[in-house]
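Notes follow the structure.
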Amino acid sequence: MGRAKRAVQKLNRLICGVGAFFLIPLMVLTTGEVIGRNLFNRPIAGAVELSEYLLAVFILLGVAYTQQIKGHVAVSVLLSRFPLRGQTVLNILSAVLSLFIFAVLAWQGLIVGMEEKTVSDMLRMPQYPFRLLVAAAAFLTCLEILIDLGDSVSKLLRRSSEWSR
């Protein structure tokens, strides 16, 4: 399990780095759009549409890594008041629910992505790569959630054996 965990986490760090790379053209495009619109009264055709796609790629490629570093929003005010065993059980329940949601998202993202035939309005870009990217991001997030679930279950089992002594 340790080798698989390290491989998944390394893959998600790499993919997040690729996603971060998409910020560079997004910043350049946005800067060019602002300068062209405000100084020369000539906006870049399709800039808004392309910015939307670049932002979607950036976000989707970072979701699994954000799960890995526990960067998603969490409600710890209530959770911190529970005993350690209760916190672990709630973490397990949260992971199972999250796993279900992301598995459905991956499954439906794959179905929608494979059936997608439309193109964008301005740039005429096909939509299916972005729909499939949703499925891929959800799948990678599922892997991270499985890692968290395994860690929480082993923590609960380890603590249960300590409590029974």
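Each chain in the structure tokens gets a letter, A, B and so on, in the order shown; residues start at 1 in every chain, and ligands are counted from 1 in the order they appear.
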Fewer than 2 positions away in the same chain doesn't count, so skip those; otherwise give me all residues within 7 Å of Gly19 of chain A, counting only C-alpha atoms, as a ChimeraX atom specification. /A:15-17,21-22,57-58,61-62
Emit the selected residues as a PDB file, in the first residue's frame, including C-alpha atoms.
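File produced: result_29.pdb:
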ATOM      1  CA  ILE A  15      -0.397  16.958 -12.411  1.00  0.00           C
ATOM      2  CA  CYS A  16      -0.883  19.922 -10.092  1.00  0.00           C
ATOM      3  CA  GLY A  17       2.406  21.352 -11.384  1.00  0.00           C
ATOM      4  CA  PHE A  21       1.779  25.996 -15.642  1.00  0.00           C
ATOM      5  CA  PHE A  22      -1.580  26.961 -17.193  1.00  0.00           C
ATOM      6  CA  VAL A  57      -7.859  23.250 -16.534  1.00  0.00           C
ATOM      7  CA  PHE A  58      -5.945  24.958 -13.725  1.00  0.00           C
ATOM      8  CA  LEU A  61      -5.682  19.632 -12.313  1.00  0.00           C
ATOM      9  CA  GLY A  62      -5.266  20.886  -8.744  1.00  0.00           C
TER      10      GLY A  62
END
Considering only C-alpha atoms, return as number ranges by chain whatever protein or nucleic-acid residues lie within 12 Å of Ser51 of chain A, sequence-local ones (same chain, fewer than 3 positions apart) excluded. A: 22-33, 44-48, 54-58, 123
Can you tell me how far atom CA of Met122 of chain A sits from atom CA of Glu49 of chain A, in Å to one decimal?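 We find that atom CA of Met122 of chain A and atom CA of Glu49 of chain A lie 7.3 Å from each other.
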In Å to one decimal, how far is atom CA of Phe82 of chain A from atom CA of Val96 of chain A?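 For atom CA of Val96 of chain A relative to atom CA of Phe82 of chain A, the distance reads 19.2 Å.
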Do you know which residues are at most 8 Å from Gln9 of chain A counting only C-alpha atoms, after dropping those on the same chain fewer than 5 positions away, and could you put them as an NGL selection string? :A and (65 or 68 or 144)
One number please: atom CA of Leu79 of chain A to atom CA of Ser152 of chain A, in Å, one decimal. 14.6 Å
Using only C-alpha atoms, which residue out of A:Tyr53, A:Thr141, A:Arg85, A:Asn41 lies closest to Tyr128 of chain A?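 That would be A:Tyr53, the residue with the smallest distance to Tyr128 of chain A.
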For Phe139 of chain A, the nearest of the candidates A:Gln87, A:Ser76, A:Gln108, A:Ser94, counting only C-alpha atoms: A:Gln108
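Among the candidates A:Pro43, A:Gly150, A:Gly2, A:Gly113, the one nearest to Asn91 of chain A when counting only C-alpha atoms is A:Gly150.
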